[in-house]
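Peer 1: What follows is entry.txt, compact mmCIF, C-alpha atoms and all ligand atoms.
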# COMPACT_ATOMS: atom_id res chain seq x y z
CA MET X 1293 70.60 150.79 115.11
CA GLY X 1294 71.59 147.16 114.52
CA PHE X 1295 67.94 146.35 115.04
CA PHE X 1296 66.51 147.71 111.79
CA PRO X 1297 68.71 146.12 109.12
CA LYS X 1298 68.04 142.78 110.74
CA LEU X 1299 64.33 143.36 110.86
CA PHE X 1300 64.07 144.24 107.20
CA SER X 1301 66.49 141.68 105.85
CA LYS X 1302 64.80 139.33 103.44
CA ASN X 1303 65.40 135.99 104.97
CA SER X 1304 65.24 137.02 108.56
CA SER X 1305 64.42 134.00 110.64
CA GLU X 1306 63.92 136.08 113.70
CA TYR X 1307 61.14 134.96 115.95
CA TYR X 1308 58.49 137.08 117.61
CA LEU X 1309 56.05 136.52 120.39
CA ALA X 1310 52.40 137.56 120.59
CA LEU X 1311 51.21 137.45 124.17
CA ASP X 1312 47.56 137.72 125.08
CA ILE X 1313 47.26 137.86 128.85
CA GLY X 1314 43.60 136.96 129.16
CA THR X 1315 41.53 137.04 132.33
CA GLU X 1316 40.99 133.31 132.02
CA VAL X 1317 43.68 132.02 129.67
CA ALA X 1318 47.15 133.37 128.86
CA LYS X 1319 48.00 132.69 125.23
CA ALA X 1320 51.37 132.83 123.50
CA LEU X 1321 52.13 132.54 119.81
CA VAL X 1322 55.69 132.21 118.53
CA PHE X 1323 56.09 133.17 114.90
CA TYR X 1324 58.46 134.46 112.27
CA ILE X 1325 57.74 136.80 109.44
CA ASP X 1326 57.97 135.53 105.92
CA ASN X 1327 59.00 138.71 104.14
CA GLU X 1328 58.22 137.41 100.67
CA GLN X 1329 54.64 136.58 101.52
CA LYS X 1330 54.32 139.35 104.10
CA MET X 1331 52.93 136.79 106.50
CA ALA X 1332 53.39 135.86 110.11
CA MET X 1333 54.04 132.11 110.30
CA VAL X 1334 52.92 130.71 113.64
CA MET X 1335 55.26 127.91 114.69
CA GLY X 1336 54.37 127.45 118.34
CA VAL X 1337 51.28 127.89 120.52
CA GLY X 1338 51.00 127.94 124.30
CA LYS X 1339 47.90 128.32 126.44
CA GLU X 1340 47.56 128.25 130.18
CA ARG X 1341 44.70 128.92 132.57
CA GLN X 1342 45.30 131.86 134.91
CA LYS X 1343 45.41 131.21 138.61
CA LYS X 1344 42.64 132.59 140.71
CA GLY X 1345 43.26 136.24 141.59
CA ASN X 1346 45.83 136.86 138.84
CA MET X 1347 43.54 138.97 136.72
CA GLN X 1348 40.59 141.25 137.30
CA SER X 1349 38.30 142.05 134.34
CA GLY X 1350 41.04 142.00 131.74
CA ALA X 1351 43.65 143.78 133.85
CA VAL X 1352 46.58 142.34 135.78
CA SER X 1353 46.00 142.23 139.52
CA ASP X 1354 48.87 140.02 140.67
CA ILE X 1355 52.07 140.70 138.73
CA SER X 1356 54.12 137.79 140.02
CA GLY X 1357 51.28 135.32 139.53
CA VAL X 1358 50.83 136.48 135.94
CA ILE X 1359 54.56 136.25 135.28
CA GLU X 1360 54.51 132.63 136.34
CA THR X 1361 51.59 131.76 134.07
CA CYS X 1362 53.07 133.68 131.14
CA GLN X 1363 56.44 132.03 131.58
CA SER X 1364 55.02 128.55 131.30
CA THR X 1365 52.75 129.59 128.40
CA ILE X 1366 55.74 131.02 126.52
CA ASN X 1367 57.84 127.95 127.30
CA LYS X 1368 55.16 125.73 125.81
CA ALA X 1369 55.04 127.82 122.65
CA LEU X 1370 58.84 127.81 122.37
CA GLU X 1371 59.01 124.09 122.86
CA ASN X 1372 56.32 123.68 120.26
CA ALA X 1373 58.26 125.80 117.81
CA GLY X 1374 61.51 124.03 118.62
CA ILE X 1375 63.38 127.20 119.51
CA LYS X 1376 65.11 128.32 122.67
CA LYS X 1377 64.13 131.91 123.15
CA VAL X 1378 62.25 134.81 121.74
CA LYS X 1379 63.07 138.42 122.43
CA LYS X 1380 60.64 140.75 120.71
CA ALA X 1381 57.03 140.72 121.67
CA ILE X 1382 53.71 142.35 121.13
CA VAL X 1383 51.47 142.24 124.18
CA GLY X 1384 47.76 142.90 124.28
CA ILE X 1385 46.20 145.16 126.85
CA ALA X 1386 42.58 145.05 127.89
CA GLY X 1387 40.41 146.06 130.79
CA GLU X 1388 37.63 148.49 131.29
CA LEU X 1389 39.85 151.54 131.42
CA VAL X 1390 41.41 150.89 128.03
CA LYS X 1391 39.52 153.35 125.85
CA GLY X 1392 39.38 153.74 122.13
CA THR X 1393 37.59 156.50 120.28
CA THR X 1394 37.77 158.31 117.02
CA THR X 1395 38.10 162.04 117.19
CA THR X 1396 37.41 164.31 114.25
CA VAL X 1397 38.60 167.86 113.89
CA HIS X 1398 37.20 170.16 111.22
CA TYR X 1399 39.50 172.89 110.27
CA GLU X 1400 38.99 175.86 108.00
CA ARG X 1401 42.06 176.92 106.12
CA GLY X 1402 42.93 180.60 105.96
CA ASN X 1403 44.35 180.27 102.50
CA PRO X 1404 42.45 177.63 100.48
CA ASP X 1405 44.61 178.16 97.38
CA SER X 1406 47.84 177.14 99.04
CA ARG X 1407 48.81 173.50 99.03
CA ILE X 1408 48.76 171.55 102.26
CA ASP X 1409 52.27 170.71 103.41
CA PHE X 1410 53.70 168.54 106.16
CA GLN X 1411 53.85 171.39 108.67
CA GLU X 1412 50.18 172.22 108.21
CA LEU X 1413 49.14 168.58 108.41
CA LYS X 1414 51.18 168.23 111.55
CA ASN X 1415 49.30 171.16 113.11
CA ILE X 1416 45.96 169.59 112.23
CA ILE X 1417 46.91 166.20 113.63
CA GLN X 1418 48.20 167.90 116.75
CA LYS X 1419 44.79 169.58 117.20
CA VAL X 1420 43.01 166.24 116.83
CA GLN X 1421 45.30 164.59 119.35
CA ILE X 1422 44.95 167.33 121.96
CA LYS X 1423 41.19 167.18 121.66
CA ALA X 1424 41.20 163.37 121.82
CA TYR X 1425 43.37 163.31 124.93
CA GLU X 1426 41.22 165.85 126.76
CA ARG X 1427 38.09 163.95 125.90
CA ILE X 1428 39.45 160.60 127.11
CA GLN X 1429 40.82 162.06 130.33
CA GLU X 1430 37.47 163.70 130.99
CA GLN X 1431 35.58 160.49 130.31
CA ILE X 1432 37.76 158.46 132.65
CA SER X 1433 37.57 160.94 135.48
CA TRP X 1434 33.81 161.11 135.01
CA GLU X 1435 33.51 157.33 135.11
CA THR X 1436 35.86 156.69 137.99
CA GLY X 1437 35.69 159.93 139.92
CA GLN X 1438 39.48 160.01 139.88
CA ASP X 1439 42.24 161.56 137.82
CA ILE X 1440 43.85 158.52 136.27
CA ASP X 1441 46.86 159.09 134.04
CA VAL X 1442 46.46 157.55 130.62
CA LYS X 1443 48.86 157.08 127.76
CA LEU X 1444 48.32 156.71 124.02
CA ILE X 1445 48.93 153.15 122.82
CA ASN X 1446 47.49 152.89 119.31
CA ALA X 1447 46.67 155.55 116.76
CA ALA X 1448 45.36 155.15 113.25
CA ILE X 1449 44.04 157.60 110.67
CA VAL X 1450 40.43 156.73 109.99
CA ASP X 1451 39.34 159.41 107.56
CA VAL X 1452 40.74 162.50 105.85
CA ARG X 1453 38.54 164.82 103.84
CA ILE X 1454 39.09 168.01 101.93
CA ASP X 1455 35.93 169.94 101.13
CA GLY X 1456 34.02 166.73 101.75
CA TYR X 1457 36.12 164.55 99.45
CA LYS X 1458 37.91 161.63 100.97
CA VAL X 1459 41.63 161.57 100.26
CA ALA X 1460 44.31 159.10 101.20
CA ASN X 1461 46.94 161.71 101.93
CA PRO X 1462 46.11 165.42 102.02
CA ILE X 1463 49.62 166.67 101.35
CA GLY X 1464 49.75 168.63 98.12
CA PHE X 1465 45.99 169.26 97.95
CA GLN X 1466 44.29 172.66 97.98
CA GLY X 1467 40.94 173.36 99.59
CA LYS X 1468 39.08 175.14 102.31
CA ASP X 1469 37.72 172.65 104.80
CA VAL X 1470 39.91 169.88 106.06
CA SER X 1471 38.61 167.22 108.40
CA VAL X 1472 40.80 164.58 109.95
CA SER X 1473 39.55 161.63 112.03
CA ILE X 1474 41.97 159.63 114.10
CA PHE X 1475 41.29 156.54 116.17
CA ASN X 1476 43.21 156.54 119.44
CA ALA X 1477 43.41 153.90 122.11
CA TYR X 1478 44.53 154.93 125.57
CA ALA X 1479 45.41 152.82 128.58
CA PRO X 1480 46.00 153.71 132.22
CA MET X 1481 49.66 154.18 133.13
CA ILE X 1482 49.31 151.75 135.99
CA HIS X 1483 48.29 148.91 133.66
CA LEU X 1484 51.03 149.73 131.19
CA GLY X 1485 53.52 149.73 134.04
CA ALA X 1486 52.34 146.28 135.07
CA LEU X 1487 52.87 144.95 131.54
CA GLN X 1488 56.31 146.52 131.41
CA ALA X 1489 57.21 144.88 134.72
CA ILE X 1490 56.03 141.52 133.39
CA ALA X 1491 58.02 141.97 130.17
CA ASP X 1492 61.14 142.93 132.13
CA GLU X 1493 60.88 139.90 134.31
CA LEU X 1494 60.28 137.63 131.30
CA ARG X 1495 63.24 139.30 129.57
CA ILE X 1496 61.31 140.25 126.50
CA ASP X 1497 61.42 143.55 124.62
CA LEU X 1498 58.06 145.14 124.03
CA LEU X 1499 57.87 145.89 120.35
CA SER X 1500 54.43 147.27 121.04
CA ILE X 1501 51.48 147.11 123.34
CA ALA X 1502 48.13 146.95 121.61
CA ALA X 1503 44.58 147.43 122.77
CA GLU X 1504 42.98 144.04 122.17
CA PRO X 1505 39.76 145.23 120.57
CA TYR X 1506 41.91 147.27 118.20
CA ALA X 1507 43.84 144.10 117.29
CA VAL X 1508 40.61 142.18 116.75
CA ALA X 1509 39.09 144.90 114.59
CA ARG X 1510 42.22 144.93 112.45
CA SER X 1511 42.37 141.15 112.12
CA VAL X 1512 40.11 141.11 109.08
CA ASP X 1513 41.10 142.67 105.79
CA TYR X 1514 39.03 145.67 104.79
CA ASP X 1515 41.74 148.15 104.00
CA ASP X 1516 40.31 151.02 102.01
CA ALA X 1517 36.99 149.20 101.67
CA LEU X 1518 34.65 152.10 102.25
CA ASP X 1519 31.61 149.87 102.33
CA PHE X 1520 32.87 147.63 105.13
CA ASN X 1521 30.75 147.87 108.26
CA ALA X 1522 30.90 145.50 111.19
CA ILE X 1523 30.62 145.13 114.93
CA PHE X 1524 33.39 142.96 116.39
CA ILE X 1525 32.64 141.32 119.73
CA ASP X 1526 35.35 139.47 121.69
CA ILE X 1527 33.78 137.59 124.58
CA GLY X 1528 36.53 136.47 126.91
CA GLY X 1529 36.42 135.02 130.38
CA GLY X 1530 36.15 138.30 132.24
CA THR X 1531 35.24 140.93 129.70
CA THR X 1532 33.41 141.61 126.49
CA ASP X 1533 35.20 143.92 124.07
CA ILE X 1534 33.35 145.64 121.29
CA ALA X 1535 34.75 147.44 118.26
CA VAL X 1536 32.62 149.28 115.74
CA VAL X 1537 33.88 149.71 112.19
CA ARG X 1538 31.88 151.97 109.90
CA ASN X 1539 32.73 152.76 106.28
CA GLY X 1540 36.05 150.97 106.59
CA GLY X 1541 37.16 153.05 109.58
CA LEU X 1542 37.42 152.00 113.21
CA GLU X 1543 35.09 154.27 115.07
CA GLY X 1544 35.62 153.19 118.62
CA THR X 1545 35.93 150.41 121.15
CA LYS X 1546 34.07 149.64 124.36
CA MET X 1547 34.46 147.04 127.04
CA PHE X 1548 32.33 145.79 129.85
CA ALA X 1549 33.19 143.38 132.60
CA PHE X 1550 31.04 140.40 131.73
CA GLY X 1551 32.36 137.25 130.06
CA GLY X 1552 32.35 133.48 130.17
CA ARG X 1553 33.26 133.27 133.86
CA ALA X 1554 29.96 134.84 134.82
CA PHE X 1555 28.08 131.99 133.18
CA THR X 1556 30.21 129.40 134.92
CA LYS X 1557 29.69 131.11 138.28
CA LYS X 1558 25.96 131.11 137.74
CA LEU X 1559 25.95 127.39 136.99
CA ALA X 1560 28.10 126.69 140.06
CA GLN X 1561 25.74 128.71 142.26
CA GLU X 1562 22.51 127.23 140.96
CA LEU X 1563 23.72 123.65 140.93
CA ARG X 1564 25.81 124.00 144.12
CA ILE X 1565 28.90 122.61 142.48
CA GLU X 1566 32.54 123.78 142.37
CA PHE X 1567 33.60 126.31 139.76
CA ASP X 1568 35.79 123.81 137.87
CA GLU X 1569 33.01 121.31 137.66
CA ALA X 1570 30.61 123.97 136.45
CA GLU X 1571 33.16 125.04 133.84
CA GLU X 1572 33.41 121.52 132.54
CA LEU X 1573 29.64 121.22 132.42
CA LYS X 1574 29.33 124.51 130.55
CA ILE X 1575 31.84 123.47 127.88
CA LYS X 1576 30.13 120.11 127.42
CA TYR X 1577 26.84 121.92 127.08
CA ALA X 1578 28.30 124.31 124.50
CA GLU X 1579 29.74 121.42 122.53
CA GLY X 1580 26.41 119.62 122.52
CA LYS X 1581 27.73 116.73 124.58
CA LEU X 1582 24.98 116.62 127.20
CA GLY X 1583 21.76 114.69 127.18
CA SER X 1584 18.74 116.75 126.22
CA ASP X 1585 17.36 116.97 129.80
CA VAL X 1586 20.55 118.31 131.33
CA SER X 1587 21.17 120.50 128.33
CA PHE X 1588 17.71 122.05 128.69
CA LYS X 1589 18.29 122.71 132.38
CA VAL X 1590 21.64 124.42 131.71
CA GLU X 1591 20.07 126.54 129.03
CA GLN X 1592 17.33 127.60 131.45
CA ILE X 1593 19.84 128.54 134.12
CA LEU X 1594 21.93 130.62 131.75
CA GLN X 1595 19.09 132.31 129.95
CA ASN X 1596 18.83 135.25 132.29
CA ASP X 1597 22.56 135.91 132.22
CA CYS X 1598 22.52 135.87 128.44
CA ALA X 1599 19.92 138.61 128.60
CA VAL X 1600 22.08 140.58 131.04
CA TRP X 1601 25.04 140.17 128.69
CA LEU X 1602 22.93 141.34 125.77
CA SER X 1603 21.91 144.45 127.63
CA GLY X 1604 25.62 145.18 128.13
CA VAL X 1605 26.09 144.97 124.39
CA GLU X 1606 23.09 147.18 123.84
CA LEU X 1607 24.35 149.80 126.24
CA SER X 1608 27.80 149.81 124.67
CA LEU X 1609 26.40 150.13 121.19
CA SER X 1610 24.03 152.92 122.14
CA GLU X 1611 27.05 155.18 122.36
CA PHE X 1612 27.68 154.64 118.66
CA ALA X 1613 24.07 155.08 117.74
CA SER X 1614 23.76 158.84 117.58
CA SER X 1615 25.66 159.50 114.37
CA ASP X 1616 24.56 156.81 111.94
CA VAL X 1617 22.93 153.40 111.52
CA LEU X 1618 24.75 150.51 113.16
CA PRO X 1619 26.39 147.78 111.08
CA SER X 1620 24.23 144.67 110.86
CA LYS X 1621 27.24 142.40 110.41
CA ILE X 1622 28.32 141.08 113.81
CA LEU X 1623 31.55 139.09 114.11
CA LEU X 1624 32.22 137.07 117.25
CA CYS X 1625 35.43 135.80 118.75
CA GLY X 1626 36.88 134.91 122.15
CA GLY X 1627 36.24 131.68 124.05
CA GLY X 1628 32.99 132.95 125.52
CA SER X 1629 31.45 133.22 122.07
CA GLY X 1630 31.15 129.44 122.07
CA LEU X 1631 28.15 129.56 124.37
CA PRO X 1632 25.06 128.93 122.20
CA GLY X 1633 23.02 131.50 124.13
CA ILE X 1634 25.32 134.30 122.96
CA LYS X 1635 24.57 133.95 119.29
CA LYS X 1636 20.95 133.23 120.09
CA ALA X 1637 20.67 136.42 122.12
CA LEU X 1638 22.17 138.49 119.31
CA MET X 1639 19.85 136.91 116.77
CA SER X 1640 16.76 137.75 118.82
CA GLN X 1641 14.87 140.55 117.23
CA ASP X 1642 13.69 142.63 120.19
CA TRP X 1643 16.89 144.35 121.13
CA LEU X 1644 17.54 145.47 117.55
CA HIS X 1645 14.53 147.75 117.72
CA ASN X 1646 16.06 149.78 120.52
CA LEU X 1647 19.00 150.73 118.33
CA PRO X 1648 19.29 152.15 114.82
CA PHE X 1649 19.92 148.94 112.90
CA ALA X 1650 18.97 149.15 109.25
CA LYS X 1651 18.34 145.42 108.99
CA SER X 1652 18.36 142.36 111.19
CA ALA X 1653 21.73 141.23 112.45
CA GLN X 1654 23.85 138.65 110.67
CA VAL X 1655 25.94 136.97 113.32
CA ASN X 1656 29.06 135.01 112.42
CA TYR X 1657 32.13 133.65 114.17
CA LEU X 1658 35.61 134.83 113.32
CA GLN X 1659 37.83 131.83 112.67
CA PRO X 1660 41.63 131.62 112.68
CA SER X 1661 41.53 131.36 108.87
CA ASP X 1662 39.85 134.78 108.70
CA VAL X 1663 42.81 136.53 110.29
CA VAL X 1664 44.83 138.38 107.65
CA ARG X 1665 48.57 138.04 107.28
CA VAL X 1666 48.81 135.21 109.82
CA THR X 1667 49.27 131.54 108.87
CA ASP X 1668 49.08 128.79 111.44
CA LYS X 1669 51.71 126.12 110.86
CA THR X 1670 50.87 124.22 114.05
CA ASN X 1671 47.26 123.23 113.35
CA GLU X 1672 46.54 124.13 116.94
CA LEU X 1673 44.66 127.33 116.27
CA MET X 1674 41.20 125.98 115.78
CA ASN X 1675 38.49 128.26 117.03
CA PRO X 1676 37.36 131.83 117.71
CA GLN X 1677 39.23 131.84 121.03
CA ASP X 1678 42.49 131.92 119.03
CA VAL X 1679 41.59 134.98 116.98
CA THR X 1680 42.64 137.57 119.57
CA PRO X 1681 46.29 136.47 119.89
CA MET X 1682 46.44 136.02 116.11
CA GLY X 1683 45.18 139.58 115.73
CA LEU X 1684 48.12 140.69 117.88
CA ALA X 1685 50.55 138.78 115.65
CA ASN X 1686 49.04 140.52 112.63
CA LEU X 1687 49.85 143.92 114.10
CA VAL X 1688 53.55 143.08 114.24
CA LEU X 1689 53.57 143.29 110.46
CA ASP X 1690 52.64 146.96 110.77
CA VAL X 1691 55.82 147.55 112.71
CA THR X 1692 58.12 145.41 110.58
CA GLY X 1693 56.64 145.81 107.10
CA GLU X 1694 56.22 148.70 104.73
CA GLU X 1695 54.19 151.51 106.09
CA LYS X 1696 51.26 153.22 104.44
CA VAL X 1697 51.93 156.88 103.65
CA MET X 1698 49.50 158.37 106.15
CA ALA X 1699 50.45 155.90 108.87
CA GLY X 1700 54.03 157.03 108.43
CA ILE X 1701 53.08 160.69 108.65
CA LEU X 1702 50.97 160.06 111.73
CA ARG X 1703 53.82 158.21 113.39
CA ARG X 1704 56.29 160.99 112.64
CA VAL X 1705 53.90 163.65 113.84
CA LEU X 1706 53.12 161.78 117.07
CA HIS X 1707 56.83 161.44 117.57
CA THR X 1708 57.42 165.18 117.30
CA ILE X 1709 54.43 165.91 119.54
CA GLN X 1710 55.58 163.55 122.24
CA ASP X 1711 59.21 164.70 122.19
N1 LIG X 1801 33.33 125.92 123.73
C1 LIG X 1801 33.09 126.88 124.62
N2 LIG X 1801 31.82 127.22 124.90
C2 LIG X 1801 31.52 128.17 125.80
N3 LIG X 1801 32.45 128.85 126.47
C3 LIG X 1801 33.71 128.56 126.23
C4 LIG X 1801 34.12 127.57 125.30
N4 LIG X 1801 35.47 127.53 125.28
C5 LIG X 1801 35.88 128.45 126.15
N5 LIG X 1801 34.85 129.07 126.72
C6 LIG X 1801 34.88 130.11 127.75
O1 LIG X 1801 35.67 131.16 127.26
C7 LIG X 1801 36.30 131.86 128.33
C8 LIG X 1801 37.75 132.05 128.01
O2 LIG X 1801 37.84 132.70 126.78
P1 LIG X 1801 39.12 133.54 126.39
O3 LIG X 1801 40.33 132.70 126.43
O4 LIG X 1801 38.81 134.22 125.11
O5 LIG X 1801 39.15 134.57 127.59
P2 LIG X 1801 40.34 135.51 128.08
O6 LIG X 1801 41.01 136.07 126.87
O7 LIG X 1801 41.19 134.77 129.02
O8 LIG X 1801 39.54 136.61 128.89
P3 LIG X 1801 39.40 138.20 128.65
O9 LIG X 1801 39.43 138.40 127.16
O10 LIG X 1801 38.10 138.54 129.27
O11 LIG X 1801 40.54 138.80 129.35
C9 LIG X 1801 36.08 131.03 129.57
O12 LIG X 1801 35.09 131.64 130.37
C10 LIG X 1801 35.56 129.69 129.03
O13 LIG X 1801 34.61 129.11 129.87
MG MG X 1802 40.70 137.76 125.69
Any chance you could give the structure as structure tokens?
Ligand SMILES: Nc1ncnc2c1ncn2[C@@H]1O[C@H](COP(=O)(O)OP(=O)(O)OP(=O)(O)O)[C@@H](O)[C@H]1O
Ligand SMILES: [Mg+2]
Peer 2:
Amino acid sequence: MGFFPKLFSKNSSEYYLALDIGTEVAKALVFYIDNEQKMAMVMGVGKERQKKGNMQSGAVSDISGVIETCQSTINKALENAGIKKVKKAIVGIAGELVKGTTTTVHYERGNPDSRIDFQELKNIIQKVQIKAYERIQEQISWETGQDIDVKLINAAIVDVRIDGYKVANPIGFQGKDVSVSIFNAYAPMIHLGALQAIADELRIDLLSIAAEPYAVARSVDYDDALDFNAIFIDIGGGTTDIAVVRNGGLEGTKMFAFGGRAFTKKLAQELRIEFDEAEELKIKYAEGKLGSDVSFKVEQILQNDCAVWLSGVELSLSEFASSDVLPSKILLCGGGSGLPGIKKALMSQDWLHNLPFAKSAQVNYLQPSDVVRVTDKTNELMNPQDVTPMGLANLVLDVTGEEKVMAGILRRVLHTIQD
């Protein structure tokens, strides 16, 4: 119990950790929450390349190796911040088997004149959650051919309607047809267990585990903005994560195992050089630091892989294409987004015709300054690669700050369902 009064006290100088265990780079942010400004203040940043074999497409494959990398990343961030230790952490989870979808349940009320109360809302939410869980479990066993146990990690109310009218909180309303849409992210137990083992070893308490594309999609402010539509794409080293937001609600997330590493590997293969050398060459190319001849050659080599990557995006988006037009606003983050061919591929017109886009795509990068409720005091968060861990830090404010009414109801209901 001692935990809560401390958390909510006004001048709490308690520090938190956001840990993004990437396939290529582990990233740690140490921050405190300024309760007056409702802001996470980042005081320390640590980044460290993963050792070979530590990670596989966004998921941990060598627990002790990852612990080592995380420990030194966290130490750097602590040193940076000038503090000795940090206890509470939010950790991101990614990987192909982390699934996020929005499930809608339509429900006809037996007595439209009565007012909706907590009990009734709880029943509706319960129906949505049962349906969502079945659907996810089915999808995973279809994809993998196995029964893999999954657990709910993030849930958010996307949309509530009564007789077609959108309401913020249905309690107290009358009406016949109620529809509730909830976004849920699930992760395999085995991956969650790995993160728990890492946290235990690092002696940190997991305040929460968040699906990374969920964190990225929440990193920009569009609360209650019904006209906000965007596709968020986080291109990391091993994976590309996609989140689709339509009418201000997160509709779903998808991942595929293709990221910056693939481009480096291709360069290494074609030029018969070591991976590290190819990596250096790729970054120089992306930063425009190569002579035009070499630059042209690199572009040629990577062109085909950019097309392969684009077809991964296309395939992922096709699953969102049945219900409505796709958002034309595309927001990029993750280190891999720095490759010029990525933006170029997205800006090419051909692929847009295969999907229901209403207009041609506007492609922009998400910058650290775009992330809501997070202020960088270190001046070390400089580019789209830093957005993902900052998005994790932003989510901590959901746990520590005031809660929206429906979020509170959802949390209480999930609690009673799970107990
Ligand atoms: N300026 C740049 N131009 C092109 N690629 C870059 C640049 N900077 C970093 N990258 C690439 O970004 C990748 C690392 O990005 P990031 O740190 O976002 O990945 P990660 O979070 O470790 O991986 P994942 O999200 O897949 O688990 C590497 O493949 C690296 O080569
Ligand atoms: Mg990443």
Peer 1: Rank nothing, just name the residue among X:Asn1675, X:Glu1430, X:Asn1539, X:Leu1602 nearest to Tyr1514 (chain X), using all atoms listed in the file.
Peer 2: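 Nearest to Tyr1514 (chain X): X:Asn1539.
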Peer 1: List the neighbours of Arg1341 (chain X) out to 8 Å using all atoms listed in the file; skip same-chain residues closer than 4 positions along the sequence, and give me the result as a VMD selection string.
Peer 2: chain X and resid 1316 to 1318 1361
Peer 1: Ile1422 (chain X): which residues within 12 Å, counting all atoms listed in the file, same-chain residues fewer than 3 positions away excluded, as a VMD selection string?
Peer 2: chain X and resid 1395 to 1397 1415 to 1419 1425 to 1429 1444 1474 1476 1706 1709 to 1710
Peer 1: Got a sec: who's within 9 Å of Ile1313 (chain X), counting only C-alpha atoms, leaving out chain neighbours fewer than 6 positions off, as a ChimeraX atom specification?
Peer 2: /X:1319-1320,1342,1347,1350-1352,1358,1362,1383-1386
Peer 1: Would you save the residues of that selection, restricted to C-alpha atoms, as a PDB file, in the frame of the given file?
Peer 2:
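Saved to selection32.pdb:
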ATOM      1  CA  LYS X1319      48.000 132.690 125.230  1.00  0.00           C
ATOM      2  CA  ALA X1320      51.370 132.830 123.500  1.00  0.00           C
ATOM      3  CA  GLN X1342      45.300 131.860 134.910  1.00  0.00           C
ATOM      4  CA  MET X1347      43.540 138.970 136.720  1.00  0.00           C
ATOM      5  CA  GLY X1350      41.040 142.000 131.740  1.00  0.00           C
ATOM      6  CA  ALA X1351      43.650 143.780 133.850  1.00  0.00           C
ATOM      7  CA  VAL X1352      46.580 142.340 135.780  1.00  0.00           C
ATOM      8  CA  VAL X1358      50.830 136.480 135.940  1.00  0.00           C
ATOM      9  CA  CYS X1362      53.070 133.680 131.140  1.00  0.00           C
ATOM     10  CA  VAL X1383      51.470 142.240 124.180  1.00  0.00           C
ATOM     11  CA  GLY X1384      47.760 142.900 124.280  1.00  0.00           C
ATOM     12  CA  ILE X1385      46.200 145.160 126.850  1.00  0.00           C
ATOM     13  CA  ALA X1386      42.580 145.050 127.890  1.00  0.00           C
TER      14      ALA X1386
END
Peer 1: If you measure from CA of Lys1636 (chain X) to CA of Ser1661 (chain X), what distance in Å do you get, rounded to one decimal?
Peer 2: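 Calculated distance between CA of Lys1636 (chain X) and CA of Ser1661 (chain X) is 23.5 Å.
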Peer 1: For ligand LIG 1801 (chain X), collect every residue having any atom at a distance of at most 8 Å from a ligand atom (counting all atoms listed in the file); output as a ChimeraX atom specification.
Peer 2: /X:1312-1319,1341-1342,1347,1349-1351,1386-1387,1526-1533,1549-1556,1571,1574-1579,1625-1632,1676-1678,1680
Peer 1: Check the smallest atom-to-atom distance from each of X:Thr1692, X:Leu1684, X:Ser1608, X:Leu1594 to Ile1634 (chain X) using all atoms listed in the file, then report the winner.
Peer 2: X:Leu1594
Peer 1: What is the distance between CA of Gln1431 (chain X) and CA of Val1536 (chain X), in Å to one decimal?
Peer 2: 18.6 Å
Peer 1: Closest to ligand MG 1802 (chain X) among X:Glu1412, X:Asp1597, X:Glu1400, X:Glu1504, using all atoms listed in the file?
Peer 2: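 Among X:Glu1412, X:Asp1597, X:Glu1400, X:Glu1504, it is X:Glu1504 that comes nearest to ligand MG 1802 (chain X).
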Peer 1: Of the candidates X:Lys1414, X:His1483, X:Lys1468, X:Lys1651, which shows the shortest atom-to-atom distance to Leu1702 (chain X), using all atoms listed in the file?
Peer 2: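 Closest to Leu1702 (chain X) of all the choices is X:Lys1414.
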Peer 1: With only C-alpha atoms and all ligand atoms as the basis for distance, which of X:Val1679, X:Leu1518, X:Ile1622, X:Val1666 is at the shortest distance from ligand MG 1802 (chain X)?
Peer 2: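 Ranked by minimum distance to ligand MG 1802 (chain X), first place goes to X:Val1679.
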Peer 1: What separation in Å, quoted to one decimal, exists between CA of Asn1521 (chain X) and CA of Ser1620 (chain X)?
Peer 2: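 Distance between the two atoms: 7.7 Å.
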Peer 1: Return as lines of an AutoDock Vina configuration file the centre and edge lengths, in Å with one decimal, of the box along x, y and z that encloses every atom of region 1362-1380 of chain X in the file, padded by 6 Å per side.
Peer 2:
center_x = 58.9
center_y = 132.2
center_z = 124.7
size_x = 24.4
size_y = 29.1
size_z = 25.8
Peer 1: Which is closest to ligand MG 1802 (chain X) among X:Met1333, X:Leu1389, X:Ala1650, X:Ile1534, if we use all atoms listed in the file?
Peer 2: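 Result for the nearest residue to ligand MG 1802 (chain X): X:Ile1534.
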Peer 1: Around (62.5, 125.9, 120.4) in the file's frame, which residues reach within 12 Å when counting only C-alpha atoms? Return as number ranges by chain?
Peer 2: X: 1307, 1322-1323, 1335-1337, 1366-1378
Peer 1: Tell me which protein, DNA and RNA residues are within 12 Å of Asn1446 (chain X), counting all atoms listed in the file, leaving out same-chain ones fewer than 2 positions away, and put them as a ChimeraX atom specification.
Peer 2: /X:1384-1385,1390-1394,1421,1443-1444,1448-1449,1474-1479,1500-1507,1510,1542,1544-1545,1687,1690-1691,1699,1702-1703,1706
Peer 1: Counting all atoms listed in the file, which residues of region 1355-1422 of chain X sit at most 12 Å from some atom of region 1457-1461 of chain X, and what is each one's closest atom pair with its distance in Å to one decimal, listed by chain and rising residue number, as a Markdown table?
Peer 2:
| residue | atom | partner | partner_atom | distance |
| --- | --- | --- | --- | --- |
| X:Ile1408 | CA | X:Asn1461 | CA | 10.0 |
| X:Asp1409 | CA | X:Asn1461 | CA | 10.6 |
| X:Phe1410 | CA | X:Asn1461 | CA | 10.5 |
| X:Leu1413 | CA | X:Asn1461 | CA | 9.7 |
